[in-house]
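Chemist: Encoded as structure tokens, here's the structure I'll be asking about.
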Amino acid sequence: MLAVLSGLGFVVTLYLAFVYAPFEPVLLFNQKIFYYHVPHAFMLFAATATCGVCSLVFLKKRTPKWDDLALASAEVAVLFGAAVLISGSIWAKAAWDLWWTWEKRLTMSLLLWLVLVGYVLVRRFAGASADRLAAGLAVFGTLGIPFIYTMVDKSDHHPQAGSGGNVMTLTGPMKLVFWSCVLTFFLWFLTLVMMRVQSARAERELRELREQGLDAGLLT
Amino acid sequence: MRVIIALWIALVPMVATAQPGSAGSAAPAAGSSDAPQAVMPQVPEPAAPPPSAAPSAADLRKTCADAMNADPTFADAIVVATLRDRQWSWERISAVDPSGASALLALKVNADTLRQHEQAANAIAKNEKHVVLAYAAFWVLAALFVVFLWRRQQGLKAEIAQLKRDLDAASK
């Protein structure tokens with residue numbers, strides 16, 4: 001159901017972004033990247049925060065379901081982070097004629113993404129205590145979100161949406177299109193997390209079956 | 001209060017009927033038989049102006065010269081457009097008028113710069129390449145992630161089913 005709604009949302013938002021939304025006078029056609037780039041960044045924050053909160057609860061309660069949710073959110077956050085960094089880089093090339101600059105928000109976003117990649121690598125290669133090590137890393141990464149969001153100011157040259165420098169001040173058709181995209185990507189985020197949670201549960205079930213197989217002498 | 005309401009009720013229809021064009025007017029349809037025919041004052045048709053003689057070439061030249069003298073940018077545009085249309089080379093201009101060649105060259109440089117700026121602005125305004133690249137990146141990443149998840153899920157399901165079968169066989 002969520003996947004179907006997300007699919008419909010993608011069709012509608014593409015129409016809204018390219019047909020309904022007015023032409024932005026300063027950033028011109030390149031501004032169309034904004035409608036997918038910023039919602040991806042929002043979902044990066046949402047996924048990272050979910051991962052951090054679930055990791056914190058897991059560290060306290062040691063319940064596997066929180067760990068599954070944290071792992072699923074972390075992998076989805078890596079996906080959204082990659083999309084934000086790549087689309088942002090393409091936008092930078094179009095607007096500033098360079099692929100990358102060590103501007104504050106870009107640098108912090110890259111660091112957050114690297115922390116999330118670190119989380120996934122720890123989960124894969126750190127052995128028996130990987131879940132607890134990774135949970136600590138997730139909590140650390142979550143603390144970076146407020147800095148990234150509030151980091152853009154007048155001294156920065158990162159594009160600022162709306163008159164007040166943030167998306168809350170968008171008006172008219174742009175506001176409608178932008179928040180439609182945010183809603184669509186939120187549904188997409190939920191879809192992906194649910195898919196990944198199912199996969200994490202299957203992995204857990206497989207581990208338990210292997211232990212049974214070892215006990216039964218079927219596996220060596 | 002009642003007086004104000006009574007006055008308002010009495011005045012609104014009066015005001016509305018006093019304005020035939022307003023939405024509240026009760027004027028009958030123009031095509032109906034009992035519609036009063038408005039009497040329009042007869043306005044005489046204005047007399048057609050007498051045909052004037054076509055301006056002579058000298059008049060046109062004078063008009064053009066006056067306009068060029070009045071507006072230097074217009075004059076520059078005329079000169080550059082003329083040179084471009086006739087495809088004159090700067091060597092030829094120098095041969096005809098050595099003193100004016102440098103001034104004309106400056107005009108050409110300005111016109112070329114302006115044209116380049118216009119082309120750059122148009123390129124940015126219609127820059128679809130980067131937008132297409134960015135949206136393609138979104139979709140490719142999402143598709144790769146979904147395929148990766150789906151394949152892993154299928155693999156896990158198959159492995160779980162196999163292990164369950166082996167465990168059931170071992171328990172029997």
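We label chains A, B, ... in the order they appear in the structure tokens, count residues from 1 in each chain, and number ligands from 1 in the order shown.
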Could you list, as a list in words, the residues of chain B having an atom within 6 Å of chain A when counting only C-alpha atoms?

Modeler: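 Every residue meeting the condition is included here: Ala125, Val131, Ala134, Phe138, Gln153 and Ile160 of chain B.
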
Chemist: Identify all residues of range 2-218 of chain A in helix (DSSP H, G or I) (DSSP on the backbone) and supply them as JSON, numbers by chain.

Modeler: {"A": [2, 3, 4, 5, 6, 7, 8, 9, 10, 11, 12, 13, 14, 15, 16, 17, 18, 19, 20, 28, 29, 30, 31, 32, 33, 34, 35, 36, 37, 38, 39, 40, 41, 42, 43, 44, 45, 46, 47, 48, 49, 50, 51, 52, 53, 54, 55, 56, 57, 58, 59, 60, 61, 64, 65, 66, 67, 68, 69, 70, 71, 72, 73, 74, 75, 76, 77, 78, 79, 80, 81, 82, 83, 84, 85, 86, 87, 88, 89, 90, 91, 92, 93, 94, 95, 96, 104, 105, 106, 107, 108, 109, 110, 111, 112, 113, 114, 115, 116, 117, 118, 119, 120, 121, 122, 123, 124, 125, 127, 128, 129, 130, 131, 132, 133, 134, 135, 136, 137, 138, 139, 140, 141, 142, 145, 146, 147, 148, 149, 150, 167, 168, 169, 172, 173, 174, 175, 176, 177, 178, 179, 180, 181, 182, 183, 184, 185, 186, 187, 188, 189, 190, 191, 192, 193, 194, 195, 196, 197, 198, 199, 200, 201, 202, 203, 204, 205, 206, 207, 208, 209, 210, 211, 212, 213, 214, 215, 216]}

Chemist: Any idea what's packed within 9 Å of Met174 in chain A, counting only C-alpha atoms, ignoring anything in its chain fewer than 2 positions away? Could you give it as a ChimeraX atom specification?

Modeler: /A:17,20-22,35,170-172,176-179

Chemist: Suppose we keep N, CA and C atoms; can you now write the selection as a PDB file, in the first residue's frame?

Modeler:
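Contents of the output file selection-v2.pdb:
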```pdb
ATOM      1  N   ALA A  17       6.462  19.383 -10.274  1.00  0.00           N
ATOM      2  CA  ALA A  17       7.768  20.053 -10.312  1.00  0.00           C
ATOM      3  C   ALA A  17       8.089  20.614 -11.691  1.00  0.00           C
ATOM      4  N   TYR A  20       3.733  22.317 -13.184  1.00  0.00           N
ATOM      5  CA  TYR A  20       2.944  23.253 -12.377  1.00  0.00           C
ATOM      6  C   TYR A  20       3.805  24.338 -11.722  1.00  0.00           C
ATOM      7  N   ALA A  21       4.952  23.951 -11.217  1.00  0.00           N
ATOM      8  CA  ALA A  21       5.773  24.911 -10.452  1.00  0.00           C
ATOM      9  C   ALA A  21       6.299  26.009 -11.371  1.00  0.00           C
ATOM     10  N   PRO A  22       6.281  27.253 -10.893  1.00  0.00           N
ATOM     11  CA  PRO A  22       6.774  28.350 -11.742  1.00  0.00           C
ATOM     12  C   PRO A  22       8.295  28.305 -11.887  1.00  0.00           C
ATOM     13  N   TYR A  35      13.404  20.267  -5.763  1.00  0.00           N
ATOM     14  CA  TYR A  35      12.198  19.565  -5.328  1.00  0.00           C
ATOM     15  C   TYR A  35      12.467  18.114  -4.931  1.00  0.00           C
ATOM     16  N   LEU A 170       8.656  29.271   2.160  1.00  0.00           N
ATOM     17  CA  LEU A 170       8.209  29.152   0.763  1.00  0.00           C
ATOM     18  C   LEU A 170       6.728  29.522   0.670  1.00  0.00           C
ATOM     19  N   THR A 171       6.349  30.104  -0.444  1.00  0.00           N
ATOM     20  CA  THR A 171       4.944  30.494  -0.618  1.00  0.00           C
ATOM     21  C   THR A 171       4.438  30.023  -1.981  1.00  0.00           C
ATOM     22  N   GLY A 172       3.125  30.056  -2.124  1.00  0.00           N
ATOM     23  CA  GLY A 172       2.490  29.811  -3.423  1.00  0.00           C
ATOM     24  C   GLY A 172       2.693  28.410  -3.945  1.00  0.00           C
ATOM     25  N   LEU A 176       3.496  24.297  -2.274  1.00  0.00           N
ATOM     26  CA  LEU A 176       2.671  23.101  -2.515  1.00  0.00           C
ATOM     27  C   LEU A 176       3.516  21.973  -3.102  1.00  0.00           C
ATOM     28  N   VAL A 177       4.308  22.318  -4.127  1.00  0.00           N
ATOM     29  CA  VAL A 177       5.108  21.291  -4.808  1.00  0.00           C
ATOM     30  C   VAL A 177       6.138  20.708  -3.842  1.00  0.00           C
ATOM     31  N   PHE A 178       6.796  21.585  -3.111  1.00  0.00           N
ATOM     32  CA  PHE A 178       7.850  21.121  -2.209  1.00  0.00           C
ATOM     33  C   PHE A 178       7.295  20.174  -1.141  1.00  0.00           C
ATOM     34  N   TRP A 179       6.203  20.570  -0.490  1.00  0.00           N
ATOM     35  CA  TRP A 179       5.680  19.726   0.596  1.00  0.00           C
ATOM     36  C   TRP A 179       5.037  18.454   0.055  1.00  0.00           C
TER      37      TRP A 179
END
```

Chemist: Between CA of Met43 in chain A and CA of Phe18 in chain A, what is the distance, to one decimal in Å?

Modeler: 21.6 Å

Chemist: Using only C-alpha atoms, find the one residue out of A:Cys181, A:Val57, A:Cys51, A:Val122 that sits nearest to Ala138 in chain A.

Modeler: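 Comparing A:Cys181, A:Val57, A:Cys51, A:Val122 against Ala138 in chain A, the winner is A:Cys51.
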